[in-house]
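Containing PDB, C-alpha atoms: data-v5.pdb.
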```
ATOM      1  CA  MET A  97       1.051 -17.625  27.072
ATOM      2  CA  GLY A  98      -1.589 -15.739  25.139
ATOM      3  CA  MET A  99      -4.526 -17.213  23.299
ATOM      4  CA  ALA A 100      -2.466 -17.915  20.175
ATOM      5  CA  ALA A 101      -0.124 -20.150  22.142
ATOM      6  CA  GLN A 102      -3.038 -22.408  23.123
ATOM      7  CA  ALA A 103      -4.158 -23.164  19.558
ATOM      8  CA  ALA A 104      -4.375 -26.894  18.808
ATOM      9  CA  SER A 105      -4.029 -26.354  15.071
ATOM     10  CA  LEU A 106      -3.015 -23.560  12.710
ATOM     11  CA  VAL A 107      -3.169 -22.751   9.002
ATOM     12  CA  PRO A 108       0.382 -22.802   7.544
ATOM     13  CA  LEU A 109       0.766 -19.940   5.067
ATOM     14  CA  GLY A 110       4.048 -19.218   3.252
ATOM     15  CA  GLN A 111       2.674 -16.052   1.691
ATOM     16  CA  ALA A 112       5.248 -13.344   0.957
ATOM     17  CA  VAL A 113       4.223  -9.955   2.330
ATOM     18  CA  GLY A 114       5.478  -6.420   2.462
ATOM     19  CA  ILE A 115       6.377  -5.190   5.937
ATOM     20  CA  GLN A 116       6.199  -1.571   7.071
ATOM     21  CA  MET A 117       6.976  -0.680  10.663
ATOM     22  CA  THR A 118       7.604   2.554  12.541
ATOM     23  CA  THR A 119       9.498   2.739  15.820
ATOM     24  CA  ALA A 120       8.330   4.005  19.194
ATOM     25  CA  GLY A 121      10.798   6.872  19.340
ATOM     26  CA  VAL A 122      13.839   7.334  17.125
ATOM     27  CA  LEU A 123      16.528   4.661  17.223
ATOM     28  CA  VAL A 124      20.204   5.619  17.317
ATOM     29  CA  ALA A 125      21.615   3.285  14.679
ATOM     30  CA  ASP A 126      25.193   4.560  14.964
ATOM     31  CA  LEU A 127      27.370   7.473  16.041
ATOM     32  CA  ALA A 128      29.283   9.679  13.627
ATOM     33  CA  GLU A 129      31.907  12.401  13.509
ATOM     34  CA  VAL A 130      30.786  15.893  12.522
ATOM     35  CA  ASP A 131      33.103  17.905  10.274
ATOM     36  CA  THR A 132      33.142  21.600  11.243
ATOM     37  CA  PRO A 133      35.408  24.495  10.202
ATOM     38  CA  ASP A 134      37.190  24.006  13.539
ATOM     39  CA  GLY A 135      37.761  20.287  12.983
ATOM     40  CA  THR A 136      35.848  17.100  13.704
ATOM     41  CA  CYS A 137      33.769  16.552  16.835
ATOM     42  CA  THR A 138      31.460  13.891  18.258
ATOM     43  CA  PRO A 139      28.719  15.618  20.305
ATOM     44  CA  ALA A 140      26.492  12.579  20.893
ATOM     45  CA  LYS A 141      29.380  10.273  21.747
ATOM     46  CA  ASP A 142      30.901  12.838  24.109
ATOM     47  CA  ALA A 143      27.557  13.082  25.937
ATOM     48  CA  GLY A 144      27.407   9.309  26.436
ATOM     49  CA  LEU A 145      24.809   8.355  23.849
ATOM     50  CA  ARG A 146      25.194   4.868  22.346
ATOM     51  CA  PRO A 147      24.029   2.874  19.312
ATOM     52  CA  GLY A 148      20.779   1.153  20.248
ATOM     53  CA  ASP A 149      19.501   4.050  22.365
ATOM     54  CA  VAL A 150      15.949   5.139  21.554
ATOM     55  CA  ILE A 151      15.413   8.898  21.696
ATOM     56  CA  CYS A 152      12.037   9.591  23.325
ATOM     57  CA  ARG A 153      12.292  13.255  24.413
ATOM     58  CA  MET A 154      14.350  16.348  23.611
ATOM     59  CA  ASP A 155      14.117  19.390  25.899
ATOM     60  CA  GLY A 156      10.994  17.775  27.339
ATOM     61  CA  GLN A 157       9.265  17.410  23.964
ATOM     62  CA  GLU A 158       8.131  13.924  22.909
ATOM     63  CA  ILE A 159      10.046  12.522  19.935
ATOM     64  CA  VAL A 160       8.104  10.110  17.751
ATOM     65  CA  SER A 161       9.770  10.486  14.355
ATOM     66  CA  SER A 162      12.885  11.829  12.669
ATOM     67  CA  ALA A 163      10.877  14.939  11.757
ATOM     68  CA  ASP A 164      10.235  15.551  15.477
ATOM     69  CA  PHE A 165      13.954  15.138  16.161
ATOM     70  CA  LEU A 166      14.942  17.690  13.496
ATOM     71  CA  ALA A 167      12.338  20.199  14.695
ATOM     72  CA  ALA A 168      13.509  19.882  18.305
ATOM     73  CA  LEU A 169      17.154  20.222  17.314
ATOM     74  CA  ASP A 170      16.395  23.309  15.239
ATOM     75  CA  ALA A 171      14.724  24.921  18.256
ATOM     76  CA  ALA A 172      17.471  23.947  20.707
ATOM     77  CA  GLY A 173      19.841  26.350  22.388
ATOM     78  CA  ASP A 174      23.538  25.897  23.106
ATOM     79  CA  THR A 175      22.784  22.521  24.692
ATOM     80  CA  VAL A 176      19.887  20.119  24.238
ATOM     81  CA  SER A 177      18.549  17.696  26.839
ATOM     82  CA  VAL A 178      18.162  14.279  25.184
ATOM     83  CA  THR A 179      16.278  11.504  26.989
ATOM     84  CA  VAL A 180      16.767   7.973  25.691
ATOM     85  CA  ARG A 181      15.468   4.527  26.579
ATOM     86  CA  ARG A 182      18.284   2.056  27.186
ATOM     87  CA  GLY A 183      17.851  -1.445  28.587
ATOM     88  CA  GLY A 184      14.453  -0.685  30.118
ATOM     89  CA  ALA A 185      15.613   2.543  31.803
ATOM     90  CA  GLU A 186      15.480   6.202  30.792
ATOM     91  CA  ILE A 187      18.716   8.195  30.684
ATOM     92  CA  THR A 188      19.011  11.945  30.083
ATOM     93  CA  ALA A 189      22.137  13.548  28.643
ATOM     94  CA  ALA A 190      23.040  17.145  27.884
ATOM     95  CA  VAL A 191      24.409  17.336  24.343
ATOM     96  CA  THR A 192      26.196  20.347  22.853
ATOM     97  CA  PRO A 193      25.319  20.468  19.135
ATOM     98  CA  ALA A 194      27.929  21.245  16.526
ATOM     99  CA  VAL A 195      26.910  24.442  14.721
ATOM    100  CA  MET A 196      27.583  24.369  10.990
ATOM    101  CA  PRO A 197      28.453  27.422   8.833
ATOM    102  CA  ASP A 198      24.864  27.604   7.566
ATOM    103  CA  GLY A 199      23.542  27.715  11.142
ATOM    104  CA  THR A 200      22.213  24.167  11.257
ATOM    105  CA  ARG A 201      23.024  21.951  14.238
ATOM    106  CA  GLN A 202      24.287  18.379  14.218
ATOM    107  CA  LEU A 203      24.712  15.847  16.998
ATOM    108  CA  GLY A 204      26.663  13.170  15.123
ATOM    109  CA  LEU A 205      23.932  10.527  14.930
ATOM    110  CA  TRP A 206      22.645   8.071  12.369
ATOM    111  CA  LEU A 207      18.937   7.666  13.083
ATOM    112  CA  ARG A 208      16.197   5.218  12.124
ATOM    113  CA  ASP A 209      12.466   5.568  12.735
ATOM    114  CA  GLY A 210      11.095   2.756  10.607
ATOM    115  CA  VAL A 211      11.754  -0.151   8.293
ATOM    116  CA  THR A 212      10.322  -1.515   5.049
ATOM    117  CA  GLY A 213      11.000  -4.939   3.565
ATOM    118  CA  VAL A 214       9.737  -8.341   2.492
ATOM    119  CA  GLY A 215       9.032 -11.321   4.739
ATOM    120  CA  THR A 216       6.825 -14.403   4.908
ATOM    121  CA  LEU A 217       3.706 -15.206   6.933
ATOM    122  CA  THR A 218       4.137 -18.409   8.946
ATOM    123  CA  TYR A 219       0.692 -19.236  10.287
ATOM    124  CA  TYR A 220      -2.858 -18.051  10.809
ATOM    125  CA  ASP A 221      -4.931 -19.017  13.848
ATOM    126  CA  PRO A 222      -8.592 -19.356  12.732
ATOM    127  CA  ALA A 223      -9.733 -19.284  16.365
ATOM    128  CA  THR A 224      -8.326 -15.810  17.031
ATOM    129  CA  GLY A 225      -7.658 -14.188  13.641
ATOM    130  CA  ARG A 226      -4.014 -13.731  14.596
ATOM    131  CA  TYR A 227      -0.889 -14.523  12.583
ATOM    132  CA  GLY A 228       2.813 -15.047  13.177
ATOM    133  CA  ALA A 229       5.590 -14.234  10.704
ATOM    134  CA  LEU A 230       9.378 -14.091  10.184
ATOM    135  CA  GLY A 231      10.429 -16.355  13.077
ATOM    136  CA  HIS A 232      12.816 -13.603  14.207
ATOM    137  CA  GLY A 233      12.372 -10.030  15.286
ATOM    138  CA  ILE A 234      12.890  -6.909  13.205
ATOM    139  CA  SER A 235      16.183  -5.421  14.366
ATOM    140  CA  ASP A 236      18.244  -2.452  13.280
ATOM    141  CA  GLU A 237      20.787  -3.779  10.807
ATOM    142  CA  THR A 238      23.559  -1.510  12.087
ATOM    143  CA  SER A 239      23.235  -1.746  15.872
ATOM    144  CA  GLY A 240      21.501  -5.139  15.985
ATOM    145  CA  VAL A 241      18.989  -3.796  18.524
ATOM    146  CA  LEU A 242      15.386  -5.034  18.358
ATOM    147  CA  MET A 243      13.357  -2.128  17.002
ATOM    148  CA  PRO A 244      10.654  -0.881  19.424
ATOM    149  CA  LEU A 245       7.273  -1.033  17.712
ATOM    150  CA  ARG A 246       4.992   1.992  17.419
ATOM    151  CA  ASP A 247       2.801   0.653  14.636
ATOM    152  CA  GLY A 248       3.107  -1.376  11.480
ATOM    153  CA  SER A 249       1.357  -3.219   8.681
ATOM    154  CA  VAL A 250       1.730  -6.351   6.594
ATOM    155  CA  LEU A 251       0.766  -5.846   2.959
ATOM    156  CA  SER A 252       0.039  -8.176   0.073
ATOM    157  CA  ALA A 253       3.115  -8.391  -2.139
ATOM    158  CA  VAL A 254       4.175  -9.672  -5.531
ATOM    159  CA  ILE A 255       7.658 -11.174  -5.785
ATOM    160  CA  ALA A 256       9.222  -9.658  -8.883
ATOM    161  CA  ASP A 257      12.667 -11.239  -8.606
ATOM    162  CA  ALA A 258      14.581 -13.814  -6.589
ATOM    163  CA  ARG A 259      18.272 -13.035  -6.403
ATOM    164  CA  PRO A 260      20.273 -16.168  -5.535
ATOM    165  CA  GLY A 261      22.850 -16.065  -2.789
ATOM    166  CA  GLY A 262      26.491 -17.034  -3.140
ATOM    167  CA  HIS A 263      29.237 -18.010  -0.751
ATOM    168  CA  GLY A 264      29.553 -15.104   1.684
ATOM    169  CA  THR A 265      26.545 -13.219   0.264
ATOM    170  CA  ALA A 266      22.875 -13.708   1.148
ATOM    171  CA  GLY A 267      20.383 -13.676  -1.711
ATOM    172  CA  GLU A 268      17.049 -11.882  -1.456
ATOM    173  CA  LEU A 269      13.484 -11.743  -2.660
ATOM    174  CA  VAL A 270      12.521  -8.477  -4.352
ATOM    175  CA  GLY A 271       8.859  -7.642  -3.918
ATOM    176  CA  SER A 272       6.476  -4.845  -4.809
ATOM    177  CA  PHE A 273       3.699  -3.579  -2.554
ATOM    178  CA  ALA A 274       1.874  -0.361  -1.707
ATOM    179  CA  PRO A 275       0.388   1.134   1.489
ATOM    180  CA  GLY A 276      -3.107   0.496   0.149
ATOM    181  CA  ASP A 277      -2.392  -3.246  -0.003
ATOM    182  CA  ARG A 278      -2.602  -3.670   3.797
ATOM    183  CA  ILE A 279      -3.893  -7.061   4.931
ATOM    184  CA  GLY A 280      -3.136  -6.847   8.635
ATOM    185  CA  ALA A 281      -1.545  -5.045  11.564
ATOM    186  CA  ILE A 282       1.783  -5.625  13.293
ATOM    187  CA  GLU A 283       1.046  -5.602  17.018
ATOM    188  CA  ARG A 284       4.174  -7.222  18.474
ATOM    189  CA  ASN A 285       7.842  -7.379  17.479
ATOM    190  CA  CYS A 286       9.982  -9.766  19.546
ATOM    191  CA  ILE A 287      12.942 -12.106  19.115
ATOM    192  CA  PHE A 288      10.746 -14.930  17.759
ATOM    193  CA  GLY A 289       8.888 -12.944  15.105
ATOM    194  CA  ILE A 290       6.219 -10.371  14.416
ATOM    195  CA  PHE A 291       2.608 -10.972  15.368
ATOM    196  CA  GLY A 292      -0.743  -9.341  14.814
ATOM    197  CA  THR A 293      -4.212  -9.668  13.331
ATOM    198  CA  LEU A 294      -5.163 -10.296   9.702
ATOM    199  CA  GLU A 295      -8.142  -8.419   8.304
ATOM    200  CA  ALA A 296      -9.533 -11.426   6.384
ATOM    201  CA  PRO A 297      -9.060 -15.183   6.813
ATOM    202  CA  PRO A 298      -6.527 -16.562   4.295
ATOM    203  CA  ASP A 299      -7.130 -19.734   2.302
ATOM    204  CA  GLY A 300      -5.794 -23.011   3.636
ATOM    205  CA  ASP A 301      -6.539 -25.922   5.912
ATOM    206  CA  ALA A 302      -5.471 -26.084   9.540
ATOM    207  CA  VAL A 303      -2.935 -28.710  10.622
ATOM    208  CA  GLU A 304      -1.669 -29.851  13.994
ATOM    209  CA  THR A 305       1.419 -28.231  15.467
ATOM    210  CA  ALA A 306       4.430 -30.290  16.516
ATOM    211  CA  SER A 307       6.072 -30.204  19.937
ATOM    212  CA  ALA A 308       9.841 -30.114  20.426
ATOM    213  CA  ASP A 309      10.095 -33.851  21.098
ATOM    214  CA  ALA A 310       8.207 -34.648  17.888
ATOM    215  CA  VAL A 311      10.697 -32.927  15.561
ATOM    216  CA  ARG A 312      13.187 -35.349  14.019
ATOM    217  CA  THR A 313      16.021 -35.219  11.540
ATOM    218  CA  GLY A 314      15.028 -36.231   8.033
ATOM    219  CA  SER A 315      12.769 -35.076   5.228
ATOM    220  CA  ALA A 316      10.394 -32.124   5.575
ATOM    221  CA  THR A 317       8.919 -29.377   3.411
ATOM    222  CA  ILE A 318       8.639 -25.597   3.488
ATOM    223  CA  LEU A 319       5.981 -23.309   2.011
ATOM    224  CA  SER A 320       7.345 -20.212   0.272
ATOM    225  CA  THR A 321       6.576 -17.616  -2.376
ATOM    226  CA  VAL A 322       9.587 -16.999  -4.623
ATOM    227  CA  ALA A 323       7.786 -15.803  -7.773
ATOM    228  CA  GLY A 324       4.637 -13.734  -8.183
ATOM    229  CA  GLU A 325       2.045 -14.552  -5.517
ATOM    230  CA  ASP A 326       2.131 -18.351  -5.761
ATOM    231  CA  VAL A 327       2.842 -20.294  -2.580
ATOM    232  CA  ARG A 328       4.641 -23.554  -3.367
ATOM    233  CA  GLU A 329       5.842 -26.478  -1.308
ATOM    234  CA  TYR A 330       9.535 -27.369  -1.502
ATOM    235  CA  ALA A 331      11.498 -30.325  -0.157
ATOM    236  CA  VAL A 332      14.088 -29.773   2.582
ATOM    237  CA  ASP A 333      15.991 -31.919   5.035
ATOM    238  CA  ILE A 334      16.165 -31.255   8.784
ATOM    239  CA  SER A 335      19.823 -31.980   9.373
ATOM    240  CA  ARG A 336      20.147 -31.187  13.088
ATOM    241  CA  VAL A 337      17.887 -30.284  16.004
ATOM    242  CA  TYR A 338      19.174 -28.042  18.815
ATOM    243  CA  HIS A 339      17.521 -27.699  22.240
ATOM    244  CA  ASP A 340      18.888 -24.753  24.178
ATOM    245  CA  GLY A 341      17.287 -23.400  27.338
ATOM    246  CA  GLY A 342      13.683 -23.901  26.275
ATOM    247  CA  CYS A 343      14.334 -22.776  22.704
ATOM    248  CA  THR A 344      14.423 -25.339  19.901
ATOM    249  CA  ARG A 345      16.110 -24.570  16.595
ATOM    250  CA  PHE A 346      17.048 -26.743  13.664
ATOM    251  CA  LEU A 347      19.369 -26.729  10.701
ATOM    252  CA  ILE A 348      17.638 -27.267   7.373
ATOM    253  CA  THR A 349      19.074 -27.970   3.947
ATOM    254  CA  VAL A 350      17.143 -27.343   0.738
ATOM    255  CA  THR A 351      16.999 -30.448  -1.459
ATOM    256  CA  ASP A 352      14.275 -29.366  -3.892
ATOM    257  CA  PRO A 353      15.795 -28.866  -7.372
ATOM    258  CA  ASP A 354      13.218 -26.221  -8.355
ATOM    259  CA  LEU A 355      13.961 -24.046  -5.325
ATOM    260  CA  LEU A 356      17.713 -24.504  -5.745
ATOM    261  CA  ALA A 357      17.396 -23.400  -9.373
ATOM    262  CA  ALA A 358      15.275 -20.373  -8.474
ATOM    263  CA  THR A 359      17.098 -19.034  -5.405
ATOM    264  CA  GLY A 360      20.088 -21.259  -4.650
ATOM    265  CA  GLY A 361      18.393 -22.232  -1.383
ATOM    266  CA  ILE A 362      17.347 -19.908   1.449
ATOM    267  CA  VAL A 363      17.363 -16.158   0.772
ATOM    268  CA  GLN A 364      16.348 -13.020   2.659
ATOM    269  CA  GLY A 365      12.583 -12.557   2.488
ATOM    270  CA  MET A 366      11.926 -16.273   3.016
ATOM    271  CA  SER A 367      12.155 -15.812   6.789
ATOM    272  CA  GLY A 368       8.895 -17.073   8.229
ATOM    273  CA  SER A 369       8.350 -19.798   5.624
ATOM    274  CA  PRO A 370       6.507 -22.553   7.523
ATOM    275  CA  ILE A 371       8.272 -25.909   7.948
ATOM    276  CA  LEU A 372       6.101 -29.035   7.885
ATOM    277  CA  GLN A 373       7.020 -32.588   8.795
ATOM    278  CA  ASP A 374       4.796 -35.672   8.989
ATOM    279  CA  GLY A 375       1.750 -33.510   8.225
ATOM    280  CA  ARG A 376       2.332 -31.154  11.178
ATOM    281  CA  LEU A 377       3.518 -27.554  11.424
ATOM    282  CA  VAL A 378       7.007 -27.784  12.928
ATOM    283  CA  GLY A 379       8.279 -24.222  12.767
ATOM    284  CA  ALA A 380       9.553 -21.475  10.501
ATOM    285  CA  VAL A 381      12.669 -20.632   8.510
ATOM    286  CA  THR A 382      14.618 -17.843  10.216
ATOM    287  CA  HIS A 383      18.122 -17.375   8.766
ATOM    288  CA  VAL A 384      20.271 -18.304   5.799
ATOM    289  CA  LEU A 385      23.869 -19.481   6.156
ATOM    290  CA  VAL A 386      25.755 -16.959   4.033
ATOM    291  CA  ASN A 387      28.613 -19.384   3.397
ATOM    292  CA  GLU A 388      26.231 -22.178   2.449
ATOM    293  CA  PRO A 389      23.123 -20.690   0.753
ATOM    294  CA  ALA A 390      21.366 -24.046   0.438
ATOM    295  CA  ALA A 391      21.193 -24.273   4.231
ATOM    296  CA  GLY A 392      19.514 -22.220   6.908
ATOM    297  CA  TYR A 393      18.069 -22.255  10.413
ATOM    298  CA  GLY A 394      14.534 -22.696  11.662
ATOM    299  CA  ILE A 395      12.704 -22.017  14.929
ATOM    300  CA  LEU A 396      10.159 -24.283  16.614
ATOM    301  CA  ILE A 397       6.519 -23.251  16.181
ATOM    302  CA  GLU A 398       5.940 -23.653  19.948
ATOM    303  CA  ASN A 399       8.556 -20.953  20.601
ATOM    304  CA  MET A 400       6.785 -18.600  18.202
ATOM    305  CA  LEU A 401       3.406 -19.278  19.807
ATOM    306  CA  ALA A 402       4.715 -18.756  23.328
ATOM    307  CA  ALA A 403       6.068 -15.340  22.241
ATOM    308  CA  ALA A 404       2.954 -14.284  20.323
ATOM    309  CA  GLY A 405       1.313 -12.604  23.336
TER     310      GLY A 405
END
```

If you convert what's in this file into structure tokens, what do you get?
Amino acid sequence: MGMAAQAASLVPLGQAVGIQMTTAGVLVADLAEVDTPDGTCTPAKDAGLRPGDVICRMDGQEIVSSADFLAALDAAGDTVSVTVRRGGAEITAAVTPAVMPDGTRQLGLWLRDGVTGVGTLTYYDPATGRYGALGHGISDETSGVLMPLRDGSVLSAVIADARPGGHGTAGELVGSFAPGDRIGAIERNCIFGIFGTLEAPPDGDAVETASADAVRTGSATILSTVAGEDVREYAVDISRVYHDGGCTRFLITVTDPDLLAATGGIVQGMSGSPILQDGRLVGAVTHVLVNEPAAGYGILIENMLAAAG
């Protein structure tokens, strides 16, 4: 455990923020067919590349961004040596690009080198200046692979719209933010959230954190921003508590009529909203149930702290 995991009390936040993150290398989100005058081909697939691979070198040149990838491909010969990180190991494959009529080369890849979105800050540790947010990692939406962090920022945001979810469709918060609105750095992206340092202490009073055996079914509250910049407290019910291999999760149901009217329940962008029960910080909202928008899942605050590093 790092220093954050040893904190006796934390400031619960609930502040919506903009999130900008770039990847360490270029992530292969998916494979694609390439249409050529001679028919379709799949160069990357044929060479053994897979969704979730992270391209780190091409012909020995370091690849940091999509621009690096395109420059290396443009300079490649009949084959290009592509080195990827996969499952903690490096694998090198020789790929034969498809040459298009205009002379450009294609490998048949969908690539991603960053992500931008809206999320919610969970807590601030006044002893260290560090924060935790989201309650889940930032993953590629196509491959599902956790995105390797190069650098990133959290930015102050204004929620302009809250689009309610429906059965089978997740709603979302729509926020506005700009690169100059940075309030902190993203220093870690893992399965239990994003973590880093805030540049200025946020307002709020510290509360005790709750251990797994202290969480109970019954009434609780969450802190969220679903309009403008105002953090509000909303009533929820912890319906079930799950203990699974050292990880504690719970099912929550929104009961607050104001939140139900505004969003229909839990929506994308509310991930990270702190959950409080009996005056203690219990955990954070992580996921919405798409077939039941009023309900969602939460993660125990102790699991977030243990992962904070």

Which residues, written as a VMD selection string, have at least one atom at most 12 Å from region 113-116 of chain A, with only C-alpha atoms counted and residues fewer than 6 positions away on the same chain left out? chain A and resid 209 to 218 229 to 230 234 245 to 255 269 to 283 285 290 to 291 294 320 to 322 324 to 327 365 to 369

Let me make sure I understand: among A:Leu355, A:Ala168, A:Ala140, A:Val130, which one has the smallest atom-to-atom distance to Val195 (chain A) if we use all atoms listed in the file? A:Val130

Pick from A:Gly184, A:Gly228, A:Gly148, A:Pro370, whichever lies nearest to Thr317 (chain A) using only C-alpha atoms: A:Pro370

Point out the residue among A:Thr305, A:Thr265, A:Ser315, A:Gln202 with the least atom-to-atom distance to Leu127 (chain A), counting all atoms listed in the file.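 Smallest distance to Leu127 (chain A) is found for A:Gln202.
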
Residues matched by the PyMOL selection byres ((chain A and resi 167) around 12) as JSON, numbers by chain: {"A": [153, 154, 155, 157, 158, 159, 160, 161, 162, 163, 164, 165, 166, 168, 169, 170, 171, 172, 200, 201]}

Nearby residues, (16.0, -28.2, -1.7) file frame, 8 Å, all atoms listed in the file, as an mmCIF file with C-alpha atoms, in the coordinates of the input:
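Resulting contents of result-v6.cif:
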```cif
data_model
loop_
_atom_site.group_PDB
_atom_site.id
_atom_site.type_symbol
_atom_site.label_atom_id
_atom_site.label_comp_id
_atom_site.auth_asym_id
_atom_site.auth_seq_id
_atom_site.Cartn_x
_atom_site.Cartn_y
_atom_site.Cartn_z
ATOM 1 C CA TYR A 330 9.535 -27.369 -1.502
ATOM 2 C CA ALA A 331 11.498 -30.325 -0.157
ATOM 3 C CA VAL A 332 14.088 -29.773 2.582
ATOM 4 C CA ASP A 333 15.991 -31.919 5.035
ATOM 5 C CA THR A 349 19.074 -27.970 3.947
ATOM 6 C CA VAL A 350 17.143 -27.343 0.738
ATOM 7 C CA THR A 351 16.999 -30.448 -1.459
ATOM 8 C CA ASP A 352 14.275 -29.366 -3.892
ATOM 9 C CA PRO A 353 15.795 -28.866 -7.372
ATOM 10 C CA ASP A 354 13.218 -26.221 -8.355
ATOM 11 C CA LEU A 355 13.961 -24.046 -5.325
ATOM 12 C CA LEU A 356 17.713 -24.504 -5.745
ATOM 13 C CA GLY A 361 18.393 -22.232 -1.383
ATOM 14 C CA ALA A 390 21.366 -24.046 0.438
#
```

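Taking CA of Cys286 (chain A) and CA of Gly267 (chain A) as endpoints, the distance between them is 24.0 Å.
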
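Closest approach to Trp206 (chain A) from the set A:Pro147, A:Pro297, A:Gly314, A:Gly173 is made by A:Pro147, with distances taken over all atoms listed in the file.
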
From A:Ile395, A:Ile371, A:Leu385, A:Leu109, residue lying nearest Asp301 (chain A) [all atoms listed in the file]: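 Looking at the shortest contact to Asp301 (chain A), the residue is A:Leu109.
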
As a PyMOL selection string, please: the residues near Tyr219 (chain A) (cut-off 12 Å, only C-alpha atoms, same-chain neighbours under 4 positions excluded). chain A and resi 100-101+103+105-112+224-231+289-294+297-305+319+368-372+377-380+397-398+400-401+404

Using all atoms listed in the file, which protein or nucleic acid residues come within 10 Å of Asp149 (chain A)? Drop anything in the same chain fewer than 6 positions from it, and give the result as a PyMOL selection string. chain A and resi 121-126+179-183+186-187+207+239+241

Using all atoms listed in the file, which residues sit within 9 Å of Thr192 (chain A) once same-chain residues fewer than 3 positions away are excluded, as a ChimeraX atom specification? /A:139-140,142-143,173-176,203

Calculate how many Å separate CA of Ala308 (chain A) from CA of Pro244 (chain A), rounding to one decimal.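 Separation between CA of Ala308 (chain A) and CA of Pro244 (chain A): 29.3 Å.
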
Rounded to one decimal in Å, what is the spacing between CA of Met243 (chain A) and CA of Met117 (chain A)?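 So the answer is 9.1 Å.
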
Pick from A:Asn399, A:Thr119, A:Ser235, A:Ser177 nearest to Thr344 (chain A), counting only C-alpha atoms: A:Asn399

Atoms added to region 296-301 of chain A (all heavy atoms), reported as a PDB file, in the coordinates of the input:
```pdb
ATOM      1  N   ALA A 296      -8.649 -10.441   7.010  1.00  0.00           N
ATOM      2  CA  ALA A 296      -9.533 -11.426   6.384  1.00  0.00           C
ATOM      3  C   ALA A 296      -8.870 -12.793   6.491  1.00  0.00           C
ATOM      4  O   ALA A 296      -7.647 -12.903   6.378  1.00  0.00           O
ATOM      5  CB  ALA A 296      -9.804 -11.083   4.922  1.00  0.00           C
ATOM      6  N   PRO A 297      -9.652 -13.847   6.713  1.00  0.00           N
ATOM      7  CA  PRO A 297      -9.060 -15.183   6.813  1.00  0.00           C
ATOM      8  C   PRO A 297      -8.403 -15.594   5.498  1.00  0.00           C
ATOM      9  O   PRO A 297      -9.014 -15.467   4.434  1.00  0.00           O
ATOM     10  CB  PRO A 297     -10.257 -16.083   7.136  1.00  0.00           C
ATOM     11  CG  PRO A 297     -11.323 -15.167   7.628  1.00  0.00           C
ATOM     12  CD  PRO A 297     -11.105 -13.865   6.917  1.00  0.00           C
ATOM     13  N   PRO A 298      -7.177 -16.090   5.521  1.00  0.00           N
ATOM     14  CA  PRO A 298      -6.527 -16.562   4.295  1.00  0.00           C
ATOM     15  C   PRO A 298      -7.010 -17.972   3.950  1.00  0.00           C
ATOM     16  O   PRO A 298      -7.578 -18.675   4.790  1.00  0.00           O
ATOM     17  CB  PRO A 298      -5.044 -16.570   4.671  1.00  0.00           C
ATOM     18  CG  PRO A 298      -5.043 -16.817   6.146  1.00  0.00           C
ATOM     19  CD  PRO A 298      -6.281 -16.155   6.682  1.00  0.00           C
ATOM     20  N   ASP A 299      -6.791 -18.376   2.720  1.00  0.00           N
ATOM     21  CA  ASP A 299      -7.130 -19.734   2.302  1.00  0.00           C
ATOM     22  C   ASP A 299      -6.178 -20.729   2.952  1.00  0.00           C
ATOM     23  O   ASP A 299      -5.029 -20.411   3.266  1.00  0.00           O
ATOM     24  CB  ASP A 299      -7.030 -19.862   0.780  1.00  0.00           C
ATOM     25  CG  ASP A 299      -8.062 -18.994   0.061  1.00  0.00           C
ATOM     26  OD1 ASP A 299      -9.121 -18.743   0.659  1.00  0.00           O
ATOM     27  OD2 ASP A 299      -7.792 -18.579  -1.074  1.00  0.00           O
ATOM     28  N   GLY A 300      -6.654 -21.951   3.117  1.00  0.00           N
ATOM     29  CA  GLY A 300      -5.794 -23.011   3.636  1.00  0.00           C
ATOM     30  C   GLY A 300      -6.476 -23.820   4.718  1.00  0.00           C
ATOM     31  O   GLY A 300      -7.425 -23.359   5.367  1.00  0.00           O
ATOM     32  N   ASP A 301      -6.006 -25.025   4.896  1.00  0.00           N
ATOM     33  CA  ASP A 301      -6.539 -25.922   5.912  1.00  0.00           C
ATOM     34  C   ASP A 301      -5.628 -25.939   7.133  1.00  0.00           C
ATOM     35  O   ASP A 301      -4.399 -25.900   7.008  1.00  0.00           O
ATOM     36  CB  ASP A 301      -6.666 -27.342   5.353  1.00  0.00           C
ATOM     37  CG  ASP A 301      -7.647 -27.424   4.191  1.00  0.00           C
ATOM     38  OD1 ASP A 301      -8.677 -26.716   4.246  1.00  0.00           O
ATOM     39  OD2 ASP A 301      -7.372 -28.167   3.231  1.00  0.00           O
TER      40      ASP A 301
END
```
